[in-house]
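Note sheet for the following structure.
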Protein chains: 4
Amino acid sequence: MFLTLQDNDKRPIYQQIADGIKALIARGNLPEGTTLPSVRQVAADLGINLNTVAVAYRQLQEEGFVAVRHGAGAVIAPRTPRVVDPAELLKPLRTALTQLILAGLSAPGIEEMVRQELALLQQKGDTR
Amino acid sequence: MFLTLQDNDKRPIYQQIADGIKALIARGNLPEGTTLPSVRQVAADLGINLNTVAVAYRQLQEEGFVAVRHGAGAVIAPRTPRVVDPAELLKPLRTALTQLILAGLSAPGIEEMVRQELALLQQKGDTR
Amino acid sequence: MFLTLQDNDKRPIYQQIADGIKALIARGNLPEGTTLPSVRQVAADLGINLNTVAVAYRQLQEEGFVAVRHGAGAVIAPRTPRVVDPAELLKPLRTALTQLILAGLSAPGIEEMVRQELALLQQKGDTR
Amino acid sequence: MFLTLQDNDKRPIYQQIADGIKALIARGNLPEGTTLPSVRQVAADLGINLNTVAVAYRQLQEEGFVAVRHGAGAVIAPRTPRVVDPAELLKPLRTALTQLILAGLSAPGIEEMVRQELALLQQKGDTR
DNA sequence: GTGGTCTAGACCACG
DNA sequence: GTGGTCTAGACCACC
């Protein structure tokens, strides 16, 4: 198993799966060409419905992260810089930072957190 | 009017309102003691239902940002450092940073973005 | 001033006032015959509406704790054992105990808390 | 049916539902993993609106008693000792005890009532 | 099927 | 006037 679901997470399950796989790609744990486990495999591992996993895979395909070939599984696609609306990316960052400020953290403290997180994301880390 | 709703925003309306007010508090635009406009007022301004605004206000109350007194309106509460599970705060930051990495941004570029956003949050800025 | 309002209290203000005065009577701090401060006095002290205090006094009168004479203020009535539906009294106790159990406290621990509280209630303590 | 509403109860309906379920959890009648009946089911059983039940369920979720999964029902969460401000827990107990004293009950009598109630709460009892 | 959100409108409780 | 609760009914998102 390479993914775990968080019970207290508010995101839909399919989103947790998609985000989890994206994070693994971002960290380099799933290099180009890797074959993802089958939809049925993941569904069984996580004890969830098959359709839920399928939705996650479809999202990854639509966003260009994996290539799904009917009957042949899903493989990690070559990594191409995606074209995304920058404002769309800025919004969650802004929300996250607002929460940290309201929690009483200082700007320098937050910047340090960000540096640490970025360092973690850029090295091949463990999957947990 | 002090809030605007984004049509393309995926968050529920009541969440946009709550988050918007939190952002104003974080920026210092709504100092302690300020009385918020009534739920009816906000509902009329935004062209939405009264109950939707009430849900947002109730969330702000439960999270300790405002003191709601039945029959007497809602006022910004004294700002006390909230006790929150740090891991709970880290999660959205981590997700946001992952998206930025996947979009092809470099770590130094992201750090610069963070610095700019923090600067914006810490000055009494425009309401938008 | 002999009463304070708790901002984070969910009870209506008039109820906080009535309950507060009842607690003072229970502790013996307001013996029979004591004249309560006027409605206007209390309202000014607490910075609240005159009507709110009047509602509290009316409730105390209806429950027999004070005798209100038009133009002559309100005085603490002789303490007579009230006839109350026992089930009505049991309900808040039961709810309070349920909360304590769910918070993880043990039965002996709760019994000890009760003993301490009862001891506090039965000695003339400070007003706070 | 596993819950009944009291007509003479002053608490809002959604609160009665939430408190009722909490009491069942406290007594052990709803062990971890139990799936709660759907909001529609409960609403039909009690003859009330669907939204009213939904509010109760949402409260239970926010307080960590149940895990609600969109589209998959609500299940009793693993019971973790909640982190709550002790003063917050003491307040209702203190109010309840004050009422009992004022009704003329003696301290030993009250202690006995508490013991009985605690015994009831700690055995898997009848649902009433 | 499930829960989540929103609307419209009513009535109540509080200050 | 204020906010709180409840209903009725709609539509959406999720599993």
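Residue numbering restarts at 1 for every chain of the structure tokens, chains are lettered A, B, ... in their displayed order, and ligands are numbered from 1 as they appear.
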Q. Any idea which chain B residues end up within 9 Å of chain C if we count only C-alpha atoms, as a list in words please?
A.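 Contact residues on the first chain: Gly64, Ala67, Arg69 and His70 of chain B.
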What are the residues of chain C lining chain E at 10 Å or less? Count only C-alpha atoms (C1' of nucleotides), and put the answer as a PDB file with N, CA and C atoms, in the first residue's frame.
ATOM      1  N   PRO C  12     -28.743  33.276  27.901  1.00  0.00           N
ATOM      2  CA  PRO C  12     -29.124  34.675  27.713  1.00  0.00           C
ATOM      3  C   PRO C  12     -28.695  35.493  28.929  1.00  0.00           C
ATOM      4  N   ILE C  13     -28.471  36.762  28.699  1.00  0.00           N
ATOM      5  CA  ILE C  13     -27.949  37.611  29.759  1.00  0.00           C
ATOM      6  C   ILE C  13     -28.873  37.633  30.977  1.00  0.00           C
ATOM      7  N   TYR C  14     -30.190  37.719  30.711  1.00  0.00           N
ATOM      8  CA  TYR C  14     -31.125  37.791  31.841  1.00  0.00           C
ATOM      9  C   TYR C  14     -31.024  36.529  32.679  1.00  0.00           C
ATOM     10  N   ILE C  48     -25.766  47.062  30.175  1.00  0.00           N
ATOM     11  CA  ILE C  48     -26.757  46.372  29.346  1.00  0.00           C
ATOM     12  C   ILE C  48     -28.097  47.092  29.403  1.00  0.00           C
ATOM     13  N   ASN C  49     -29.055  46.571  28.673  1.00  0.00           N
ATOM     14  CA  ASN C  49     -30.358  47.211  28.584  1.00  0.00           C
ATOM     15  C   ASN C  49     -31.163  47.003  29.874  1.00  0.00           C
ATOM     16  N   LEU C  50     -31.894  48.046  30.236  1.00  0.00           N
ATOM     17  CA  LEU C  50     -32.719  48.012  31.440  1.00  0.00           C
ATOM     18  C   LEU C  50     -33.721  46.869  31.413  1.00  0.00           C
ATOM     19  N   ASN C  51     -34.300  46.626  30.238  1.00  0.00           N
ATOM     20  CA  ASN C  51     -35.309  45.573  30.130  1.00  0.00           C
ATOM     21  C   ASN C  51     -34.733  44.197  30.459  1.00  0.00           C
ATOM     22  N   THR C  52     -33.472  44.007  30.096  1.00  0.00           N
ATOM     23  CA  THR C  52     -32.839  42.710  30.320  1.00  0.00           C
ATOM     24  C   THR C  52     -32.790  42.394  31.811  1.00  0.00           C
ATOM     25  N   VAL C  53     -32.453  43.409  32.602  1.00  0.00           N
ATOM     26  CA  VAL C  53     -32.401  43.207  34.048  1.00  0.00           C
ATOM     27  C   VAL C  53     -33.802  42.973  34.600  1.00  0.00           C
TER      28      VAL C  53
END
Please write out chain A, superposed on chain B by least squares over all C-alpha atoms matched in order, as a short mmCIF file (atom, residue, chain, number, x, y, z; two decimals) with N, CA and C atoms, in the first residue's frame.
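Output contents, as saved in out02.cif:
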data_model
loop_
_atom_site.label_atom_id
_atom_site.label_comp_id
_atom_site.auth_asym_id
_atom_site.auth_seq_id
_atom_site.Cartn_x
_atom_site.Cartn_y
_atom_site.Cartn_z
N MET A 1 -20.60 47.76 1.31
CA MET A 1 -20.29 46.31 1.21
C MET A 1 -18.80 46.09 1.47
N PHE A 2 -18.48 45.06 2.19
CA PHE A 2 -17.08 44.82 2.52
C PHE A 2 -16.63 43.42 2.13
N LEU A 3 -17.51 42.71 1.46
CA LEU A 3 -17.16 41.35 1.03
C LEU A 3 -17.70 41.11 -0.38
N THR A 4 -17.01 40.33 -1.14
CA THR A 4 -17.54 39.93 -2.44
C THR A 4 -17.41 38.42 -2.59
N LEU A 5 -18.34 37.83 -3.30
CA LEU A 5 -18.31 36.39 -3.52
C LEU A 5 -17.69 36.09 -4.88
N GLN A 6 -16.89 35.06 -4.92
CA GLN A 6 -16.30 34.66 -6.19
C GLN A 6 -17.14 33.56 -6.79
N ASP A 7 -17.61 33.79 -8.00
CA ASP A 7 -18.48 32.79 -8.63
C ASP A 7 -17.76 31.47 -8.90
N ASN A 8 -16.51 31.58 -9.23
CA ASN A 8 -15.78 30.37 -9.61
C ASN A 8 -15.15 29.66 -8.41
N ASP A 9 -15.45 30.15 -7.24
CA ASP A 9 -14.87 29.57 -6.04
C ASP A 9 -15.61 28.29 -5.68
N LYS A 10 -14.84 27.27 -5.31
CA LYS A 10 -15.49 25.99 -5.00
C LYS A 10 -15.95 25.91 -3.55
N ARG A 11 -15.45 26.80 -2.70
CA ARG A 11 -15.88 26.73 -1.30
C ARG A 11 -17.36 27.09 -1.20
N PRO A 12 -18.06 26.52 -0.23
CA PRO A 12 -19.45 26.95 -0.02
C PRO A 12 -19.49 28.43 0.32
N ILE A 13 -20.61 29.05 0.03
CA ILE A 13 -20.73 30.49 0.23
C ILE A 13 -20.49 30.88 1.68
N TYR A 14 -21.05 30.10 2.60
CA TYR A 14 -20.88 30.47 4.01
C TYR A 14 -19.40 30.44 4.39
N GLN A 15 -18.66 29.56 3.74
CA GLN A 15 -17.23 29.47 4.03
C GLN A 15 -16.47 30.66 3.45
N GLN A 16 -16.88 31.08 2.29
CA GLN A 16 -16.26 32.26 1.69
C GLN A 16 -16.46 33.48 2.60
N ILE A 17 -17.67 33.58 3.16
CA ILE A 17 -17.96 34.71 4.04
C ILE A 17 -17.11 34.63 5.30
N ALA A 18 -17.10 33.46 5.91
CA ALA A 18 -16.33 33.30 7.15
C ALA A 18 -14.85 33.55 6.88
N ASP A 19 -14.33 32.96 5.82
CA ASP A 19 -12.91 33.15 5.49
C ASP A 19 -12.62 34.61 5.18
N GLY A 20 -13.53 35.26 4.49
CA GLY A 20 -13.33 36.66 4.15
C GLY A 20 -13.23 37.52 5.40
N ILE A 21 -14.11 37.27 6.34
CA ILE A 21 -14.07 38.06 7.58
C ILE A 21 -12.82 37.74 8.37
N LYS A 22 -12.44 36.46 8.39
CA LYS A 22 -11.19 36.11 9.08
C LYS A 22 -10.01 36.84 8.47
N ALA A 23 -9.99 36.92 7.14
CA ALA A 23 -8.88 37.59 6.48
C ALA A 23 -8.85 39.06 6.87
N LEU A 24 -10.02 39.68 6.96
CA LEU A 24 -10.08 41.09 7.35
C LEU A 24 -9.58 41.27 8.79
N ILE A 25 -9.92 40.31 9.64
CA ILE A 25 -9.41 40.37 11.01
C ILE A 25 -7.90 40.22 11.02
N ALA A 26 -7.42 39.25 10.24
CA ALA A 26 -5.99 38.99 10.21
C ALA A 26 -5.21 40.22 9.75
N ARG A 27 -5.81 40.97 8.83
CA ARG A 27 -5.12 42.15 8.31
C ARG A 27 -5.27 43.36 9.23
N GLY A 28 -6.14 43.24 10.24
CA GLY A 28 -6.32 44.35 11.15
C GLY A 28 -7.39 45.33 10.70
N ASN A 29 -8.13 44.99 9.65
CA ASN A 29 -9.17 45.91 9.17
C ASN A 29 -10.41 45.89 10.06
N LEU A 30 -10.52 44.90 10.89
CA LEU A 30 -11.68 44.81 11.78
C LEU A 30 -11.17 44.65 13.21
N PRO A 31 -10.77 45.77 13.82
CA PRO A 31 -10.18 45.67 15.16
C PRO A 31 -11.21 45.22 16.19
N GLU A 32 -10.70 44.75 17.30
CA GLU A 32 -11.54 44.29 18.43
C GLU A 32 -12.61 45.33 18.77
N GLY A 33 -13.83 44.84 18.91
CA GLY A 33 -14.92 45.73 19.30
C GLY A 33 -15.78 46.19 18.14
N THR A 34 -15.27 46.08 16.92
CA THR A 34 -16.05 46.46 15.74
C THR A 34 -17.33 45.64 15.68
N THR A 35 -18.44 46.28 15.35
CA THR A 35 -19.69 45.55 15.18
C THR A 35 -19.87 45.13 13.73
N LEU A 36 -20.09 43.87 13.51
CA LEU A 36 -20.32 43.40 12.14
C LEU A 36 -21.72 43.80 11.68
N PRO A 37 -21.91 43.98 10.37
CA PRO A 37 -23.25 44.26 9.87
C PRO A 37 -24.18 43.08 10.18
N SER A 38 -25.45 43.35 10.26
CA SER A 38 -26.40 42.31 10.64
C SER A 38 -26.47 41.21 9.57
N VAL A 39 -26.91 40.08 9.99
CA VAL A 39 -27.08 38.94 9.08
C VAL A 39 -27.96 39.35 7.90
N ARG A 40 -29.06 40.04 8.21
CA ARG A 40 -29.97 40.46 7.14
C ARG A 40 -29.28 41.42 6.18
N GLN A 41 -28.49 42.31 6.72
CA GLN A 41 -27.79 43.29 5.90
C GLN A 41 -26.85 42.59 4.90
N VAL A 42 -26.04 41.69 5.43
CA VAL A 42 -25.08 40.98 4.57
C VAL A 42 -25.81 40.16 3.51
N ALA A 43 -26.86 39.47 3.94
CA ALA A 43 -27.62 38.63 3.01
C ALA A 43 -28.18 39.48 1.87
N ALA A 44 -28.72 40.64 2.21
CA ALA A 44 -29.27 41.53 1.19
C ALA A 44 -28.17 42.04 0.27
N ASP A 45 -27.05 42.46 0.87
CA ASP A 45 -25.94 43.00 0.07
C ASP A 45 -25.45 41.98 -0.96
N LEU A 46 -25.33 40.73 -0.51
CA LEU A 46 -24.74 39.71 -1.39
C LEU A 46 -25.79 38.98 -2.22
N GLY A 47 -27.06 39.26 -1.94
CA GLY A 47 -28.12 38.61 -2.72
C GLY A 47 -28.22 37.12 -2.45
N ILE A 48 -27.98 36.73 -1.22
CA ILE A 48 -28.05 35.32 -0.88
C ILE A 48 -29.02 35.11 0.27
N ASN A 49 -29.18 33.84 0.63
CA ASN A 49 -30.14 33.51 1.67
C ASN A 49 -29.62 33.90 3.05
N LEU A 50 -30.54 34.34 3.88
CA LEU A 50 -30.21 34.76 5.24
C LEU A 50 -29.54 33.65 6.04
N ASN A 51 -30.02 32.44 5.84
CA ASN A 51 -29.46 31.31 6.60
C ASN A 51 -27.99 31.09 6.29
N THR A 52 -27.63 31.36 5.04
CA THR A 52 -26.25 31.14 4.63
C THR A 52 -25.29 32.03 5.42
N VAL A 53 -25.71 33.28 5.60
CA VAL A 53 -24.88 34.21 6.38
C VAL A 53 -24.85 33.79 7.83
N ALA A 54 -26.00 33.35 8.33
CA ALA A 54 -26.08 32.95 9.73
C ALA A 54 -25.10 31.81 10.03
N VAL A 55 -24.98 30.88 9.07
CA VAL A 55 -24.05 29.77 9.27
C VAL A 55 -22.62 30.29 9.38
N ALA A 56 -22.29 31.27 8.55
CA ALA A 56 -20.95 31.84 8.59
C ALA A 56 -20.69 32.50 9.94
N TYR A 57 -21.64 33.30 10.40
CA TYR A 57 -21.48 33.98 11.68
C TYR A 57 -21.33 32.98 12.83
N ARG A 58 -22.15 31.90 12.75
CA ARG A 58 -22.08 30.90 13.81
C ARG A 58 -20.70 30.27 13.86
N GLN A 59 -20.14 30.04 12.66
CA GLN A 59 -18.80 29.44 12.63
C GLN A 59 -17.78 30.38 13.27
N LEU A 60 -17.89 31.66 12.93
CA LEU A 60 -16.96 32.64 13.51
C LEU A 60 -17.10 32.68 15.03
N GLN A 61 -18.33 32.55 15.49
CA GLN A 61 -18.55 32.55 16.94
C GLN A 61 -17.92 31.32 17.58
N GLU A 62 -18.16 30.16 16.96
CA GLU A 62 -17.62 28.92 17.54
C GLU A 62 -16.10 28.92 17.57
N GLU A 63 -15.51 29.62 16.62
CA GLU A 63 -14.04 29.65 16.59
C GLU A 63 -13.50 30.80 17.43
N GLY A 64 -14.39 31.56 18.05
CA GLY A 64 -13.96 32.59 18.98
C GLY A 64 -13.57 33.92 18.37
N PHE A 65 -13.87 34.13 17.09
CA PHE A 65 -13.47 35.39 16.46
C PHE A 65 -14.45 36.52 16.75
N VAL A 66 -15.72 36.18 16.92
CA VAL A 66 -16.70 37.22 17.21
C VAL A 66 -17.58 36.77 18.38
N ALA A 67 -18.12 37.75 19.06
CA ALA A 67 -19.07 37.45 20.13
C ALA A 67 -20.45 37.86 19.65
N VAL A 68 -21.35 36.89 19.58
CA VAL A 68 -22.69 37.19 19.11
C VAL A 68 -23.61 37.31 20.32
N ARG A 69 -24.26 38.47 20.43
CA ARG A 69 -25.24 38.60 21.51
C ARG A 69 -26.61 38.77 20.90
N HIS A 70 -27.47 37.90 21.28
CA HIS A 70 -28.83 37.87 20.76
C HIS A 70 -29.44 39.27 20.80
N GLY A 71 -29.87 39.75 19.65
CA GLY A 71 -30.53 41.05 19.59
C GLY A 71 -29.59 42.23 19.55
N ALA A 72 -28.28 41.96 19.70
CA ALA A 72 -27.36 43.10 19.75
C ALA A 72 -26.25 43.00 18.71
N GLY A 73 -26.39 42.11 17.76
CA GLY A 73 -25.41 42.00 16.70
C GLY A 73 -24.16 41.24 17.11
N ALA A 74 -23.20 41.22 16.22
CA ALA A 74 -21.97 40.46 16.45
C ALA A 74 -20.79 41.43 16.49
N VAL A 75 -19.98 41.31 17.51
CA VAL A 75 -18.80 42.18 17.60
C VAL A 75 -17.53 41.35 17.59
N ILE A 76 -16.48 41.95 17.00
CA ILE A 76 -15.20 41.27 16.93
C ILE A 76 -14.65 41.05 18.34
N ALA A 77 -14.27 39.82 18.63
CA ALA A 77 -13.80 39.48 19.97
C ALA A 77 -12.33 39.84 20.14
N PRO A 78 -11.89 40.00 21.38
CA PRO A 78 -10.45 40.22 21.61
C PRO A 78 -9.66 39.06 21.03
N ARG A 79 -8.56 39.39 20.44
CA ARG A 79 -7.83 38.36 19.71
C ARG A 79 -6.96 37.54 20.64
N THR A 80 -7.32 36.31 20.81
CA THR A 80 -6.54 35.41 21.64
C THR A 80 -5.94 34.33 20.76
N PRO A 81 -4.68 34.01 21.06
CA PRO A 81 -4.04 32.94 20.27
C PRO A 81 -4.88 31.68 20.38
N ARG A 82 -5.31 31.12 19.26
CA ARG A 82 -6.17 29.94 19.28
C ARG A 82 -5.35 28.68 19.46
N VAL A 83 -5.95 27.73 20.10
CA VAL A 83 -5.29 26.43 20.18
C VAL A 83 -5.83 25.55 19.05
N VAL A 84 -4.96 25.23 18.12
CA VAL A 84 -5.36 24.44 16.97
C VAL A 84 -4.34 23.33 16.78
N ASP A 85 -4.79 22.24 16.28
CA ASP A 85 -3.87 21.17 15.95
C ASP A 85 -2.93 21.64 14.84
N PRO A 86 -1.63 21.69 15.11
CA PRO A 86 -0.68 22.20 14.10
C PRO A 86 -0.76 21.42 12.80
N ALA A 87 -0.97 20.12 12.89
CA ALA A 87 -1.04 19.29 11.69
C ALA A 87 -2.20 19.74 10.80
N GLU A 88 -3.26 20.17 11.48
CA GLU A 88 -4.45 20.63 10.75
C GLU A 88 -4.12 21.87 9.93
N LEU A 89 -3.21 22.68 10.45
CA LEU A 89 -2.83 23.91 9.75
C LEU A 89 -1.83 23.62 8.64
N LEU A 90 -1.03 22.61 8.87
CA LEU A 90 0.03 22.31 7.92
C LEU A 90 -0.54 21.74 6.62
N LYS A 91 -1.62 21.01 6.73
CA LYS A 91 -2.17 20.29 5.58
C LYS A 91 -2.50 21.21 4.39
N PRO A 92 -3.29 22.28 4.62
CA PRO A 92 -3.58 23.13 3.45
C PRO A 92 -2.35 23.80 2.89
N LEU A 93 -1.39 24.14 3.78
CA LEU A 93 -0.16 24.75 3.28
C LEU A 93 0.57 23.76 2.38
N ARG A 94 0.65 22.52 2.85
CA ARG A 94 1.36 21.50 2.07
C ARG A 94 0.69 21.29 0.70
N THR A 95 -0.64 21.26 0.72
CA THR A 95 -1.36 21.08 -0.55
C THR A 95 -1.10 22.24 -1.51
N ALA A 96 -1.14 23.45 -0.96
CA ALA A 96 -0.93 24.63 -1.80
C ALA A 96 0.47 24.61 -2.41
N LEU A 97 1.45 24.24 -1.59
CA LEU A 97 2.83 24.23 -2.09
C LEU A 97 3.01 23.17 -3.17
N THR A 98 2.37 22.01 -2.97
CA THR A 98 2.46 20.96 -3.97
C THR A 98 1.94 21.43 -5.32
N GLN A 99 0.81 22.13 -5.30
CA GLN A 99 0.25 22.65 -6.54
C GLN A 99 1.23 23.60 -7.23
N LEU A 100 1.91 24.43 -6.45
CA LEU A 100 2.83 25.39 -7.04
C LEU A 100 4.02 24.68 -7.67
N ILE A 101 4.54 23.68 -6.96
CA ILE A 101 5.65 22.90 -7.50
C ILE A 101 5.25 22.25 -8.84
N LEU A 102 4.05 21.65 -8.84
CA LEU A 102 3.60 20.97 -10.06
C LEU A 102 3.36 21.95 -11.20
N ALA A 103 3.08 23.19 -10.86
CA ALA A 103 2.87 24.19 -11.91
C ALA A 103 4.20 24.63 -12.51
N GLY A 104 5.28 24.11 -11.94
CA GLY A 104 6.58 24.41 -12.52
C GLY A 104 7.35 25.51 -11.82
N LEU A 105 6.83 26.02 -10.73
CA LEU A 105 7.54 27.09 -10.02
C LEU A 105 8.72 26.53 -9.23
N SER A 106 9.78 27.33 -9.10
CA SER A 106 10.95 26.89 -8.36
C SER A 106 10.76 27.19 -6.88
N ALA A 107 11.52 26.49 -6.05
CA ALA A 107 11.43 26.70 -4.60
C ALA A 107 11.73 28.15 -4.22
N PRO A 108 12.80 28.73 -4.75
CA PRO A 108 13.05 30.14 -4.39
C PRO A 108 11.92 31.06 -4.85
N GLY A 109 11.37 30.77 -6.02
CA GLY A 109 10.25 31.58 -6.50
C GLY A 109 9.07 31.50 -5.56
N ILE A 110 8.80 30.30 -5.08
CA ILE A 110 7.67 30.12 -4.16
C ILE A 110 7.94 30.85 -2.85
N GLU A 111 9.17 30.73 -2.39
CA GLU A 111 9.49 31.42 -1.12
C GLU A 111 9.27 32.92 -1.27
N GLU A 112 9.61 33.44 -2.43
CA GLU A 112 9.42 34.87 -2.65
C GLU A 112 7.92 35.21 -2.64
N MET A 113 7.11 34.35 -3.29
CA MET A 113 5.66 34.56 -3.27
C MET A 113 5.15 34.61 -1.84
N VAL A 114 5.63 33.67 -1.03
CA VAL A 114 5.18 33.60 0.36
C VAL A 114 5.54 34.88 1.10
N ARG A 115 6.77 35.35 0.89
CA ARG A 115 7.19 36.58 1.57
C ARG A 115 6.27 37.74 1.20
N GLN A 116 5.98 37.83 -0.11
CA GLN A 116 5.11 38.92 -0.55
C GLN A 116 3.73 38.83 0.07
N GLU A 117 3.18 37.62 0.08
CA GLU A 117 1.85 37.44 0.63
C GLU A 117 1.80 37.77 2.11
N LEU A 118 2.87 37.33 2.82
CA LEU A 118 2.91 37.61 4.26
C LEU A 118 2.98 39.11 4.52
N ALA A 119 3.75 39.80 3.69
CA ALA A 119 3.85 41.26 3.84
C ALA A 119 2.48 41.89 3.63
N LEU A 120 1.77 41.42 2.61
CA LEU A 120 0.43 41.95 2.33
C LEU A 120 -0.51 41.71 3.50
N LEU A 121 -0.40 40.53 4.09
CA LEU A 121 -1.33 40.17 5.17
C LEU A 121 -1.06 40.98 6.43
N GLN A 122 0.17 41.46 6.54
CA GLN A 122 0.50 42.11 7.80
C GLN A 122 0.37 43.63 7.78
N GLN A 123 0.00 44.15 6.64
CA GLN A 123 -0.27 45.59 6.63
C GLN A 123 -1.75 45.77 6.38
N LYS A 124 -2.29 46.83 6.96
CA LYS A 124 -3.71 47.07 6.69
C LYS A 124 -3.88 47.43 5.24
N GLY A 125 -4.41 46.51 4.50
CA GLY A 125 -4.54 46.78 3.07
C GLY A 125 -5.95 47.15 2.70
N ASP A 126 -6.19 47.34 1.41
CA ASP A 126 -7.55 47.60 0.97
C ASP A 126 -8.34 46.30 1.04
N THR A 127 -9.63 46.42 1.02
CA THR A 127 -10.48 45.26 1.28
C THR A 127 -10.59 44.32 0.10
N ARG A 128 -10.32 44.82 -1.08
CA ARG A 128 -10.46 43.95 -2.23
C ARG A 128 -9.34 42.96 -2.22
#
What are the closest atom pairs, with distances in Å to one decimal, for each residue of chain F lying within 9 Å of chain D, using only C-alpha atoms (C1' of nucleotides), rows by chain and rising residue number, as a Markdown table?
| residue | atom | partner | partner_atom | distance |
| --- | --- | --- | --- | --- |
| F:DT5 | C1' | D:Pro12 | CA | 7.2 |
| F:DC6 | C1' | D:Thr52 | CA | 7.2 |
| F:DT7 | C1' | D:Asn49 | CA | 6.4 |
| F:DA8 | C1' | D:Asn49 | CA | 8.3 |
| F:DA13 | C1' | D:His70 | CA | 8.1 |
| F:DC14 | C1' | D:Gly71 | CA | 4.8 |
| F:DC15 | C1' | D:Gly71 | CA | 5.2 |
May I have the residues from that selection written out with C-alpha atoms (C1' of nucleotides), as a PDB file, in the first residue's frame?
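Once everything was written out, this is again.pdb:
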ATOM      1  C1'  DT F   5     -34.749  27.738  15.037  1.00  0.00           C
ATOM      2  C1'  DC F   6     -37.558  25.124  12.063  1.00  0.00           C
ATOM      3  C1'  DT F   7     -39.970  23.848   7.823  1.00  0.00           C
ATOM      4  C1'  DA F   8     -40.475  22.775   2.879  1.00  0.00           C
ATOM      5  C1'  DA F  13     -21.648  16.095  -4.685  1.00  0.00           C
ATOM      6  C1'  DC F  14     -20.212  11.800  -3.162  1.00  0.00           C
ATOM      7  C1'  DC F  15     -19.938   6.656  -2.737  1.00  0.00           C
TER       8       DC F  15
END
Please return, as an mmCIF file with N, CA and C atoms, in the first residue's frame, all residues of stretch 39-109 of chain B that DSSP assigns to strand (DSSP E) on the basis of the backbone.
data_model
loop_
_atom_site.group_PDB
_atom_site.id
_atom_site.type_symbol
_atom_site.label_atom_id
_atom_site.label_comp_id
_atom_site.auth_asym_id
_atom_site.auth_seq_id
_atom_site.Cartn_x
_atom_site.Cartn_y
_atom_site.Cartn_z
ATOM 1 N N VAL B 66 -15.623 35.965 16.732
ATOM 2 C CA VAL B 66 -16.590 37.001 17.067
ATOM 3 C C VAL B 66 -17.445 36.547 18.242
ATOM 4 N N ALA B 67 -17.955 37.510 18.987
ATOM 5 C CA ALA B 67 -18.895 37.209 20.061
ATOM 6 C C ALA B 67 -20.279 37.596 19.569
ATOM 7 N N VAL B 68 -21.146 36.609 19.437
ATOM 8 C CA VAL B 68 -22.498 36.881 18.960
ATOM 9 C C VAL B 68 -23.425 36.936 20.155
ATOM 10 N N ARG B 69 -24.113 38.039 20.302
ATOM 11 C CA ARG B 69 -25.087 38.142 21.388
ATOM 12 C C ARG B 69 -26.465 38.223 20.774
ATOM 13 N N GLY B 73 -26.437 41.670 17.948
ATOM 14 C CA GLY B 73 -25.423 41.689 16.905
ATOM 15 C C GLY B 73 -24.156 40.935 17.245
ATOM 16 N N ALA B 74 -23.205 40.996 16.332
ATOM 17 C CA ALA B 74 -21.949 40.260 16.480
ATOM 18 C C ALA B 74 -20.780 41.229 16.492
ATOM 19 N N VAL B 75 -19.890 41.095 17.459
ATOM 20 C CA VAL B 75 -18.728 41.979 17.529
ATOM 21 C C VAL B 75 -17.448 41.147 17.490
ATOM 22 N N ILE B 76 -16.408 41.748 16.893
ATOM 23 C CA ILE B 76 -15.116 41.080 16.811
ATOM 24 C C ILE B 76 -14.580 40.832 18.216
#
Q) Got a sec to tell me which of stretch 4-127 of chain D DSSP assigns to alpha helix (DSSP H), as a PyMOL selection string? A) chain D and resi 13-27+39-46+50-62+86-102+107-122
